[in-house]
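Novice: Next comes start.cif, mmCIF, C-alpha atoms:
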data_protein
#
loop_
_atom_site.label_atom_id
_atom_site.label_comp_id
_atom_site.auth_asym_id
_atom_site.auth_seq_id
_atom_site.Cartn_x
_atom_site.Cartn_y
_atom_site.Cartn_z
CA MET A 1 0.00 0.00 0.00
CA LYS A 2 1.28 3.45 -0.91
CA LEU A 3 -0.10 6.79 0.29
CA LYS A 4 0.37 10.27 -1.12
CA LEU A 5 -1.02 13.30 0.73
CA VAL A 6 -2.94 15.36 -1.85
CA ALA A 7 -4.79 17.87 0.36
CA CYS A 8 -5.17 18.94 3.97
CA THR A 9 -7.10 21.64 5.85
CA PRO A 10 -4.83 24.63 6.59
CA ASP A 11 -3.47 25.65 10.02
CA VAL A 12 -3.70 22.18 11.55
CA GLU A 13 -1.68 23.03 14.66
CA GLU A 14 -3.30 26.46 15.17
CA LEU A 15 -6.74 24.79 15.10
CA ILE A 16 -5.71 22.13 17.63
CA ALA A 17 -4.56 24.93 19.95
CA THR A 18 -7.77 26.92 19.29
CA ALA A 19 -9.94 23.91 20.13
CA ALA A 20 -7.94 23.20 23.30
CA LEU A 21 -8.12 26.79 24.55
CA THR A 22 -11.85 27.12 23.70
CA THR A 23 -12.68 24.56 26.39
CA ALA A 24 -11.11 26.62 29.19
CA SER A 25 -11.43 30.23 28.06
CA ARG A 26 -13.99 33.04 28.24
CA ARG A 27 -12.82 34.16 24.80
CA THR A 28 -14.59 32.97 21.69
CA PRO A 29 -12.86 30.48 19.37
CA GLN A 30 -12.82 33.23 16.72
CA GLN A 31 -10.82 35.50 19.07
CA ILE A 32 -8.53 32.67 20.14
CA TYR A 33 -7.78 31.66 16.53
CA GLU A 34 -7.04 35.27 15.50
CA GLY A 35 -4.78 35.65 18.54
CA LEU A 36 -2.76 32.55 17.63
CA LYS A 37 -2.12 33.43 13.97
CA GLU A 38 1.57 34.01 13.25
CA LYS A 39 2.43 32.97 16.82
CA LYS A 40 4.15 29.69 16.16
CA GLU A 41 5.97 29.50 19.49
CA ARG A 42 2.77 30.04 21.49
CA VAL A 43 1.02 27.33 19.44
CA GLN A 44 3.91 24.93 19.98
CA LYS A 45 3.84 25.58 23.73
CA ILE A 46 0.10 24.79 23.90
CA LEU A 47 0.54 21.64 21.81
CA LYS A 48 3.35 20.43 24.04
CA GLY A 49 1.05 20.79 27.06
CA ILE A 50 -2.13 19.06 25.89
CA ILE A 51 -2.97 15.49 26.90
CA LEU A 52 -2.99 13.57 23.62
CA LYS A 53 -5.34 10.88 24.90
CA HIS A 54 -8.02 13.62 25.14
CA GLY A 55 -8.09 13.24 21.39
CA THR A 56 -11.04 15.37 20.28
CA VAL A 57 -8.87 18.47 19.78
CA LEU A 58 -7.02 16.51 17.08
CA GLU A 59 -10.19 16.14 14.97
CA HIS A 60 -10.54 19.67 13.54
CA ASN A 61 -8.73 18.89 10.29
CA ARG A 62 -8.76 16.45 7.37
CA LEU A 63 -5.89 14.67 5.63
CA VAL A 64 -6.73 13.43 2.13
CA PHE A 65 -4.58 10.78 0.46
CA LEU A 66 -4.34 9.13 -2.90
CA ALA A 67 -3.84 5.47 -2.05
CA GLU A 68 -2.45 2.68 -4.22
CA ALA A 69 -3.75 -0.52 -2.71
CA ASP A 70 -5.65 -3.72 -3.40
CA GLU A 71 -9.11 -4.43 -1.98
CA HIS A 72 -7.74 -6.56 0.85
CA GLU A 73 -5.50 -3.71 2.04
CA ILE A 74 -8.40 -1.24 1.96
CA LEU A 75 -10.61 -3.66 3.90
CA SER A 76 -7.87 -4.07 6.53
CA THR A 77 -7.56 -0.28 6.77
CA LEU A 78 -11.31 0.15 7.28
CA LEU A 79 -11.33 -2.64 9.87
CA ALA A 80 -8.47 -0.93 11.72
CA ASN A 81 -10.56 2.24 12.07
CA ARG A 82 -14.15 2.77 10.92
CA PHE A 83 -13.68 6.55 10.68
CA PHE A 84 -11.62 6.40 7.47
CA GLU A 85 -13.52 7.61 4.39
CA VAL A 86 -12.70 5.73 1.19
CA THR A 87 -13.72 6.28 -2.45
CA ARG A 88 -12.64 4.02 -5.29
CA LEU A 89 -11.07 5.93 -8.17
CA GLY A 90 -9.56 3.08 -10.23
CA GLU A 91 -8.76 -0.62 -10.00
CA ARG A 92 -5.95 -0.07 -7.48
CA THR A 93 -6.42 3.63 -6.75
CA TRP A 94 -8.48 5.09 -3.93
CA LEU A 95 -9.13 8.40 -2.26
CA LEU A 96 -8.70 7.91 1.48
CA SER A 97 -9.16 10.53 4.18
CA CYS A 98 -9.18 10.87 7.95
CA SER A 99 -8.50 13.33 10.74
CA LEU A 100 -5.18 13.58 12.54
CA ARG A 101 -6.74 11.79 15.52
CA ILE A 102 -7.54 8.72 13.43
CA ALA A 103 -4.08 8.75 11.83
CA LEU A 104 -2.43 8.86 15.26
CA SER A 105 -4.77 6.23 16.65
CA VAL A 106 -3.80 3.81 13.84
CA LEU A 107 -0.09 4.45 14.49
CA MET A 108 -0.41 3.97 18.24
CA ASP A 109 -3.04 1.25 18.61
CA SER A 110 -3.16 -0.82 15.41
CA PRO A 111 0.05 -2.78 14.79
CA ASP A 112 -1.43 -5.08 12.11
CA VAL A 113 -2.28 -2.63 9.35
CA PRO A 114 -1.27 -3.02 5.67
CA LYS A 115 2.37 -2.41 4.88
CA GLY A 116 2.84 1.20 3.79
CA LEU A 117 -0.13 2.64 5.69
CA ARG A 118 1.89 3.49 8.80
CA GLU A 119 4.68 5.03 6.71
CA GLY A 120 2.23 7.15 4.67
CA LEU A 121 0.37 8.40 7.75
CA SER A 122 3.64 9.14 9.58
CA GLU A 123 5.03 11.21 6.69
CA ALA A 124 1.78 13.21 6.51
CA ILE A 125 1.70 13.93 10.25
CA LYS A 126 5.34 15.06 10.12
CA GLU A 127 4.40 17.48 7.35
CA VAL A 128 1.14 18.98 8.66
CA ALA A 129 1.63 18.76 12.44
CA PRO A 130 5.37 18.65 13.21
CA THR A 131 4.95 19.54 16.91
CA ILE A 132 2.49 16.69 17.45
CA TRP A 133 4.80 14.33 15.53
CA GLU A 134 7.72 15.37 17.73
CA ARG A 135 5.67 14.56 20.83
CA VAL A 136 4.55 11.19 19.52
CA SER A 137 8.10 10.23 18.52
CA ARG A 138 9.55 11.45 21.84
CA ASP A 139 6.99 9.46 23.84
CA GLY A 140 8.16 6.40 21.90
CA SER A 141 4.66 5.48 20.72
CA MET B 1 -24.76 34.28 17.83
CA GLU B 2 -21.57 34.42 15.77
CA VAL B 3 -20.50 31.81 13.23
CA GLU B 4 -17.25 31.75 11.29
CA LEU B 5 -15.65 29.20 8.99
CA LEU B 6 -12.08 28.84 10.26
CA ALA B 7 -10.78 26.32 7.73
CA TYR B 8 -11.80 23.96 4.94
CA ILE B 9 -10.35 22.12 1.93
CA PRO B 10 -11.42 23.94 -1.26
CA SER B 11 -13.03 21.47 -3.67
CA LYS B 12 -11.09 23.03 -6.58
CA LEU B 13 -7.78 22.20 -4.89
CA LEU B 14 -8.79 18.61 -4.32
CA ALA B 15 -10.34 18.11 -7.78
CA GLU B 16 -7.26 19.61 -9.49
CA ALA B 17 -4.91 17.40 -7.46
CA LEU B 18 -6.87 14.36 -8.67
CA GLU B 19 -6.98 15.62 -12.26
CA ARG B 20 -3.19 15.88 -12.30
CA GLU B 21 -3.11 12.18 -11.44
CA GLY B 22 -5.68 11.42 -14.15
CA PHE B 23 -8.71 10.83 -11.92
CA SER B 24 -12.10 12.47 -11.51
CA ILE B 25 -14.59 12.27 -8.65
CA SER B 26 -18.31 12.95 -8.22
CA GLU B 27 -19.49 15.89 -6.10
CA GLN B 28 -21.14 13.48 -3.68
CA ASP B 29 -17.87 11.60 -3.11
CA LEU B 30 -15.91 14.83 -2.88
CA LEU B 31 -18.15 16.03 -0.02
CA ARG B 32 -17.23 12.96 2.05
CA HIS B 33 -13.55 13.94 2.02
CA MET B 34 -13.94 17.67 2.69
CA ALA B 35 -13.87 19.02 6.25
CA PHE B 36 -15.32 22.35 7.38
CA VAL B 37 -14.13 23.79 10.71
CA PHE B 38 -16.55 26.29 12.29
CA ALA B 39 -16.14 28.62 15.28
CA ILE B 40 -19.55 29.11 16.92
CA SER B 41 -20.10 31.50 19.84
CA GLY B 42 -22.96 33.00 21.79
CA ILE B 43 -25.40 30.10 21.37
CA SER B 44 -27.37 28.61 24.24
CA ARG B 45 -26.52 25.36 25.96
CA ALA B 46 -29.91 24.10 24.72
CA CYS B 47 -28.76 24.72 21.14
CA SER B 48 -25.32 23.16 21.67
CA HIS B 49 -27.01 20.12 23.18
CA GLN B 50 -28.99 19.64 19.97
CA LEU B 51 -25.85 20.24 17.94
CA VAL B 52 -23.76 17.56 19.65
CA ARG B 53 -26.40 14.95 18.85
CA HIS B 54 -24.96 15.04 15.32
CA ARG B 55 -22.45 12.31 15.96
CA LEU B 56 -20.53 12.38 12.68
CA ALA B 57 -18.87 15.61 13.74
CA SER B 58 -16.18 16.81 16.11
CA PHE B 59 -16.71 19.27 18.95
CA ASN B 60 -14.70 21.17 21.54
CA GLN B 61 -16.94 23.22 23.78
CA GLN B 62 -16.33 25.80 26.49
CA SER B 63 -16.33 23.96 29.81
CA GLN B 64 -18.55 24.99 32.71
CA ARG B 65 -16.06 23.22 34.96
CA TYR B 66 -13.05 25.31 34.00
CA VAL B 67 -14.82 28.56 33.04
CA ARG B 68 -16.81 30.36 35.74
CA MET B 69 -20.12 31.66 34.34
CA GLU B 70 -19.93 35.19 35.73
CA ASN B 71 -22.83 37.56 34.95
CA PHE B 72 -24.45 35.01 32.64
CA ALA B 73 -27.87 36.57 33.29
CA ASP B 74 -26.92 39.41 30.92
CA ALA B 75 -25.77 37.02 28.19
CA VAL B 76 -28.52 34.38 28.19
CA ILE B 77 -30.08 33.48 24.85
CA VAL B 78 -33.80 34.29 24.95
CA PRO B 79 -35.93 32.22 22.54
CA PRO B 80 -37.92 34.49 20.18
CA SER B 81 -41.25 33.04 21.39
CA ILE B 82 -40.37 34.30 24.90
CA SER B 83 -38.80 37.64 23.96
CA GLY B 84 -41.94 38.47 21.97
CA ASP B 85 -44.22 38.08 25.00
CA ASP B 86 -43.90 40.51 27.95
CA GLY B 87 -45.43 38.11 30.49
CA ALA B 88 -43.29 35.17 29.37
CA GLU B 89 -40.11 37.26 29.37
CA MET B 90 -40.80 38.41 32.94
CA VAL B 91 -41.07 34.79 34.10
CA PHE B 92 -37.93 33.87 32.12
CA ARG B 93 -35.82 36.78 33.43
CA GLY B 94 -36.96 36.11 37.00
CA LEU B 95 -35.78 32.50 36.82
CA VAL B 96 -32.46 33.50 35.22
CA ARG B 97 -31.77 36.05 37.98
CA ALA B 98 -32.64 33.44 40.62
CA ALA B 99 -30.32 30.93 38.91
CA GLN B 100 -27.47 33.44 38.86
CA TYR B 101 -28.04 34.18 42.55
CA ALA B 102 -28.06 30.47 43.42
CA TYR B 103 -24.92 29.81 41.31
CA GLU B 104 -22.97 32.59 42.98
CA ARG B 105 -24.17 31.57 46.44
CA LEU B 106 -23.06 27.99 45.84
CA LEU B 107 -19.63 29.18 44.66
CA GLY B 108 -19.45 31.39 47.74
CA LEU B 109 -20.12 28.32 49.90
CA GLY B 110 -17.10 26.64 48.37
CA ILE B 111 -18.97 24.42 45.90
CA PRO B 112 -16.74 23.85 42.82
CA GLU B 113 -17.82 25.26 39.43
CA GLU B 114 -18.40 21.75 38.06
CA ASP B 115 -21.14 21.17 40.67
CA ALA B 116 -22.52 24.71 41.04
CA ARG B 117 -23.30 24.64 37.31
CA ALA B 118 -26.15 22.24 38.06
CA VAL B 119 -28.34 25.33 38.62
CA LEU B 120 -27.41 27.04 35.33
CA PRO B 121 -30.27 27.36 32.84
CA ASN B 122 -30.30 25.88 29.33
CA ALA B 123 -30.27 29.49 28.09
CA ALA B 124 -26.70 30.04 29.42
CA PRO B 125 -24.33 31.02 26.58
CA THR B 126 -21.58 28.78 25.24
CA ASN B 127 -18.84 28.70 22.58
CA LEU B 128 -17.49 25.79 20.58
CA VAL B 129 -15.38 24.61 17.65
CA MET B 130 -17.18 22.15 15.37
CA THR B 131 -15.93 20.18 12.37
CA MET B 132 -18.08 18.28 9.89
CA THR B 133 -17.47 16.72 6.49
CA GLY B 134 -19.45 18.08 3.55
CA SER B 135 -21.73 15.03 3.55
CA ALA B 136 -22.39 15.36 7.31
CA LEU B 137 -23.25 19.02 6.69
CA TYR B 138 -25.83 18.01 4.05
CA HIS B 139 -27.54 15.81 6.66
CA PHE B 140 -27.29 18.55 9.30
CA PHE B 141 -28.89 21.10 6.92
CA GLY B 142 -31.53 18.53 5.95
CA LEU B 143 -32.74 18.26 9.54
CA ARG B 144 -31.95 21.65 11.04
CA CYS B 145 -32.93 24.07 8.25
CA CYS B 146 -36.39 22.47 8.40
CA ASN B 147 -39.27 24.55 9.77
CA ARG B 148 -39.76 21.86 12.40
CA ALA B 149 -36.32 22.57 13.90
CA GLN B 150 -36.19 24.84 16.94
CA ALA B 151 -35.63 28.54 16.11
CA GLU B 152 -32.07 28.93 17.41
CA ILE B 153 -30.53 25.87 15.76
CA ARG B 154 -32.44 26.70 12.56
CA GLU B 155 -30.84 30.16 12.56
CA LEU B 156 -27.44 28.56 13.17
CA ALA B 157 -27.97 26.07 10.32
CA ASP B 158 -29.06 28.87 7.95
CA ARG B 159 -25.97 30.92 8.81
CA MET B 160 -23.70 27.92 8.25
CA LEU B 161 -25.39 27.19 4.92
CA VAL B 162 -24.87 30.79 3.77
CA ILE B 163 -21.17 30.51 4.65
CA CYS B 164 -20.83 27.16 2.84
CA ARG B 165 -22.57 28.54 -0.26
CA ARG B 166 -20.25 31.58 -0.28
CA VAL B 167 -17.09 29.44 -0.34
CA GLU B 168 -18.50 26.50 -2.35
CA PRO B 169 -21.53 27.83 -4.28
CA GLU B 170 -21.96 24.83 -6.58
CA LEU B 171 -21.21 22.10 -4.06
CA PHE B 172 -23.86 23.37 -1.63
CA ARG B 173 -26.49 24.40 -4.21
CA ARG B 174 -28.64 21.35 -3.34
CA ALA B 175 -28.14 21.73 0.43
CA GLY B 176 -31.00 22.84 2.67
CA PRO B 177 -33.91 21.18 4.48
CA TYR B 178 -34.80 17.69 3.26
CA CYS B 179 -37.89 18.92 1.39
CA PHE B 180 -35.52 21.10 -0.66
CA GLN B 181 -32.95 18.30 -1.13
CA LYS B 182 -35.44 15.55 -1.97
CA GLY B 183 -38.39 17.41 -3.45
CA TYR B 184 -40.84 16.06 -0.87
CA CYS B 185 -41.37 16.37 2.90
CA GLU B 186 -40.57 13.40 5.16
CA GLU B 187 -42.13 14.83 8.31
CA GLY B 188 -45.53 13.22 7.75
CA ARG B 189 -48.31 14.69 9.90
CA PHE B 190 -45.78 17.11 11.44
CA SER B 191 -45.06 18.73 8.06
CA CYS B 192 -45.28 22.54 8.06
CA GLY B 193 -47.24 22.28 4.80
CA ARG B 194 -45.30 25.14 3.22
CA ILE B 195 -42.93 23.20 0.96
CA GLU B 196 -43.10 25.65 -1.97
CA GLU B 197 -42.26 28.62 0.28
CA VAL B 198 -39.40 26.72 1.94
CA ARG B 199 -37.98 25.56 -1.38
CA ALA B 200 -38.12 29.11 -2.76
CA LYS B 201 -36.19 30.37 0.28
CA TYR B 202 -33.41 27.80 -0.11
CA GLU B 203 -33.11 28.38 -3.86
CA ARG B 204 -31.95 31.90 -2.97
CA LEU B 205 -30.36 31.77 0.49
CA GLY B 206 -26.73 32.88 0.34
CA TYR B 207 -26.81 33.65 -3.39
CA GLU B 208 -28.26 37.17 -3.21
#
Rewrite the structure from the file as structure tokens, please.

Specialist:
Amino acid sequence: MKLKLVACTPDVEELIATAALTTASRRTPQQIYEGLKEKKERVQKILKGIILKHGTVLEHNRLVFLAEADEHEILSTLLANRFFEVTRLGERTWLLSCSLRIALSVLMDSPDVPKGLREGLSEAIKEVAPTIWERVSRDGS
Amino acid sequence: MEVELLAYIPSKLLAEALEREGFSISEQDLLRHMAFVFAISGISRACSHQLVRHRLASFNQQSQRYVRMENFADAVIVPPSISGDDGAEMVFRGLVRAAQYAYERLLGLGIPEEDARAVLPNAAPTNLVMTMTGSALYHFFGLRCCNRAQAEIRELADRMLVICRRVEPELFRRAGPYCFQKGYCEEGRFSCGRIEEVRAKYERLGYE
């Protein structure tokens, strides 16, 4: 199985921080998001402090992949996590998408996924959410 | 009530990325892979409670455990049926003031916010971040733009639909209450009976 990231919602890490702060702030999410724009260090500090197992803050995004895989590999992927969305584009080509939470959950909790899925998800997380990736790698998960 | 679209994947970007690889995709399939991240503030807890029943979505909501609800009586959301009736509004305001008094008294007695909130009314204001895919939004609009939906969540759904139609006018052209999407009403004996009027509204909403 081979994955290629073709699209992703913008500002993945800023939105994780916005969602996290919304739960414990009097300010509106609109104000929080505006306040975090262009403040990479502040965003990184918030992301380093959140508890990753409280995973809902990781859901405000979408990673969309072009996947080369056979039917068996796609079935195994869907069985690993029912929140993947899959559309068949060709005999061995699929559009596959999920949130960062689902991608991380597969990496951490599903050892028996098709070869290539873990690598594809890892590369995408490194690209769109480097601070989260650094935490996951550091924790040894 | 304030609603803002914080982020989404433009359909053009996704369709072009697929075209470069030699593939095409239907609008219906495209919607399943697109996420829309909304910031919603100044809605009532009653409204947010209806909102979170939409399970194919993601939410992060202001906590009443970690955020003290100071002076909420001035910020409560008054349903239009109550604000349009002097007698009803007097009853409503009286209860809200009593709830604020009880809340502050409980806090003063050392009761933590997470327990004192038990006396807060459903009209207390709240903020949240919500993410839905395009297909989940179609279902949400189908149910909540309907005349049978409660006034506040219907207003929220209408505002979200306007925003979606501004950024993706073609993709959301068929979105709206189910009578607009399907051409007939599924509400049976509860139908508002005004399908033509509703369909005319959603032909135009957000395009004018």

Novice: I'd like to see the residues matched by the PyMOL selection byres ((chain A) within 10 of (chain B)) on this file, and ideally I'd get them as number ranges by chain.

Specialist: A: 5-12, 15-16, 18-34, 56-66, 83-90, 93-99

Novice: Please dump the current selection as a PDB file, in the coordinates of the input; keep C-alpha atoms.

Specialist:
ATOM      1  CA  LEU A   5      -1.020  13.300   0.730  1.00  0.00           C
ATOM      2  CA  VAL A   6      -2.940  15.360  -1.850  1.00  0.00           C
ATOM      3  CA  ALA A   7      -4.790  17.870   0.360  1.00  0.00           C
ATOM      4  CA  CYS A   8      -5.170  18.940   3.970  1.00  0.00           C
ATOM      5  CA  THR A   9      -7.100  21.640   5.850  1.00  0.00           C
ATOM      6  CA  PRO A  10      -4.830  24.630   6.590  1.00  0.00           C
ATOM      7  CA  ASP A  11      -3.470  25.650  10.020  1.00  0.00           C
ATOM      8  CA  VAL A  12      -3.700  22.180  11.550  1.00  0.00           C
ATOM      9  CA  LEU A  15      -6.740  24.790  15.100  1.00  0.00           C
ATOM     10  CA  ILE A  16      -5.710  22.130  17.630  1.00  0.00           C
ATOM     11  CA  THR A  18      -7.770  26.920  19.290  1.00  0.00           C
ATOM     12  CA  ALA A  19      -9.940  23.910  20.130  1.00  0.00           C
ATOM     13  CA  ALA A  20      -7.940  23.200  23.300  1.00  0.00           C
ATOM     14  CA  LEU A  21      -8.120  26.790  24.550  1.00  0.00           C
ATOM     15  CA  THR A  22     -11.850  27.120  23.700  1.00  0.00           C
ATOM     16  CA  THR A  23     -12.680  24.560  26.390  1.00  0.00           C
ATOM     17  CA  ALA A  24     -11.110  26.620  29.190  1.00  0.00           C
ATOM     18  CA  SER A  25     -11.430  30.230  28.060  1.00  0.00           C
ATOM     19  CA  ARG A  26     -13.990  33.040  28.240  1.00  0.00           C
ATOM     20  CA  ARG A  27     -12.820  34.160  24.800  1.00  0.00           C
ATOM     21  CA  THR A  28     -14.590  32.970  21.690  1.00  0.00           C
ATOM     22  CA  PRO A  29     -12.860  30.480  19.370  1.00  0.00           C
ATOM     23  CA  GLN A  30     -12.820  33.230  16.720  1.00  0.00           C
ATOM     24  CA  GLN A  31     -10.820  35.500  19.070  1.00  0.00           C
ATOM     25  CA  ILE A  32      -8.530  32.670  20.140  1.00  0.00           C
ATOM     26  CA  TYR A  33      -7.780  31.660  16.530  1.00  0.00           C
ATOM     27  CA  GLU A  34      -7.040  35.270  15.500  1.00  0.00           C
ATOM     28  CA  THR A  56     -11.040  15.370  20.280  1.00  0.00           C
ATOM     29  CA  VAL A  57      -8.870  18.470  19.780  1.00  0.00           C
ATOM     30  CA  LEU A  58      -7.020  16.510  17.080  1.00  0.00           C
ATOM     31  CA  GLU A  59     -10.190  16.140  14.970  1.00  0.00           C
ATOM     32  CA  HIS A  60     -10.540  19.670  13.540  1.00  0.00           C
ATOM     33  CA  ASN A  61      -8.730  18.890  10.290  1.00  0.00           C
ATOM     34  CA  ARG A  62      -8.760  16.450   7.370  1.00  0.00           C
ATOM     35  CA  LEU A  63      -5.890  14.670   5.630  1.00  0.00           C
ATOM     36  CA  VAL A  64      -6.730  13.430   2.130  1.00  0.00           C
ATOM     37  CA  PHE A  65      -4.580  10.780   0.460  1.00  0.00           C
ATOM     38  CA  LEU A  66      -4.340   9.130  -2.900  1.00  0.00           C
ATOM     39  CA  PHE A  83     -13.680   6.550  10.680  1.00  0.00           C
ATOM     40  CA  PHE A  84     -11.620   6.400   7.470  1.00  0.00           C
ATOM     41  CA  GLU A  85     -13.520   7.610   4.390  1.00  0.00           C
ATOM     42  CA  VAL A  86     -12.700   5.730   1.190  1.00  0.00           C
ATOM     43  CA  THR A  87     -13.720   6.280  -2.450  1.00  0.00           C
ATOM     44  CA  ARG A  88     -12.640   4.020  -5.290  1.00  0.00           C
ATOM     45  CA  LEU A  89     -11.070   5.930  -8.170  1.00  0.00           C
ATOM     46  CA  GLY A  90      -9.560   3.080 -10.230  1.00  0.00           C
ATOM     47  CA  THR A  93      -6.420   3.630  -6.750  1.00  0.00           C
ATOM     48  CA  TRP A  94      -8.480   5.090  -3.930  1.00  0.00           C
ATOM     49  CA  LEU A  95      -9.130   8.400  -2.260  1.00  0.00           C
ATOM     50  CA  LEU A  96      -8.700   7.910   1.480  1.00  0.00           C
ATOM     51  CA  SER A  97      -9.160  10.530   4.180  1.00  0.00           C
ATOM     52  CA  CYS A  98      -9.180  10.870   7.950  1.00  0.00           C
ATOM     53  CA  SER A  99      -8.500  13.330  10.740  1.00  0.00           C
TER      54      SER A  99
END

Novice: Check which residues satisfy the PyMOL selection byres ((chain B and resi 77-84) around 9) in the file shown, then give them as a VMD selection string.

Specialist: chain B and resid 1 42 to 45 75 to 76 85 to 89 92 122 to 125 151 to 152

Novice: Applied to the shown file, which residues does the PyMOL selection byres ((chain B and resi 200-205) around 10) return, written as a list in words?

Specialist: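 For this structure, the PyMOL selection byres ((chain B and resi 200-205) around 10) resolves to Cys145, Asp158, Arg159, Leu161, Val162, Arg165, Arg173, Arg174, Ala175, Gly176, Pro177, Phe180, Gln181, Ile195, Glu196, Glu197, Val198, Arg199, Gly206, Tyr207 and Glu208 of chain B.
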
Novice: Record the distance separating atom CA of Glu168 of chain B and atom CA of Tyr138 of chain B, expressed in Å with one decimal.

Specialist: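 Taking atom CA of Glu168 of chain B as the start and atom CA of Tyr138 of chain B as the end point, the length is 12.9 Å.
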
Novice: Which distance in Å separates atom CA of Glu38 of chain A and atom CA of Glu127 of chain A, to one decimal?

Specialist: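 Computed distance, atom CA of Glu38 of chain A to atom CA of Glu127 of chain A, equals 17.8 Å.
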
Novice: Restricting the calculation to only C-alpha atoms: of B:Tyr178, B:Tyr184, B:Phe141, B:Phe72, which residue gets closest to Arg117 of chain B?

Specialist: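 Selected residue with least distance to Arg117 of chain B: B:Phe72.
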
Novice: Find the residues around Val119 of chain B up to 7 Å (all atoms listed in the file counted), leave out those fewer than 2 positions away in its own chain, and share them as a list in words.

Specialist: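 My list of contacting residues is Ala99, Tyr103, Ala116, Arg117 and Pro121 of chain B.
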
Novice: For the residues in the current selection, export C-alpha atoms as a PDB file, in the frame of the given file.

Specialist:
ATOM      1  CA  ALA B  99     -30.320  30.930  38.910  1.00  0.00           C
ATOM      2  CA  TYR B 103     -24.920  29.810  41.310  1.00  0.00           C
ATOM      3  CA  ALA B 116     -22.520  24.710  41.040  1.00  0.00           C
ATOM      4  CA  ARG B 117     -23.300  24.640  37.310  1.00  0.00           C
ATOM      5  CA  PRO B 121     -30.270  27.360  32.840  1.00  0.00           C
TER       6      PRO B 121
END

Novice: Can you pull out every residue within 7 Å of segment 39-47 of chain A, counting only C-alpha atoms, but drop anything in the same chain fewer than 6 positions away, and send it as a list in words?

Specialist: Glu13, Glu14, Ala17, Thr131 and Ile132 of chain A

Novice: Quick one: distance from atom CA of Gly49 of chain A to atom CA of Glu119 of chain A in Å, one decimal?

Specialist: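 Answer for the atom CA of Gly49 of chain A to atom CA of Glu119 of chain A separation: 26.0 Å.
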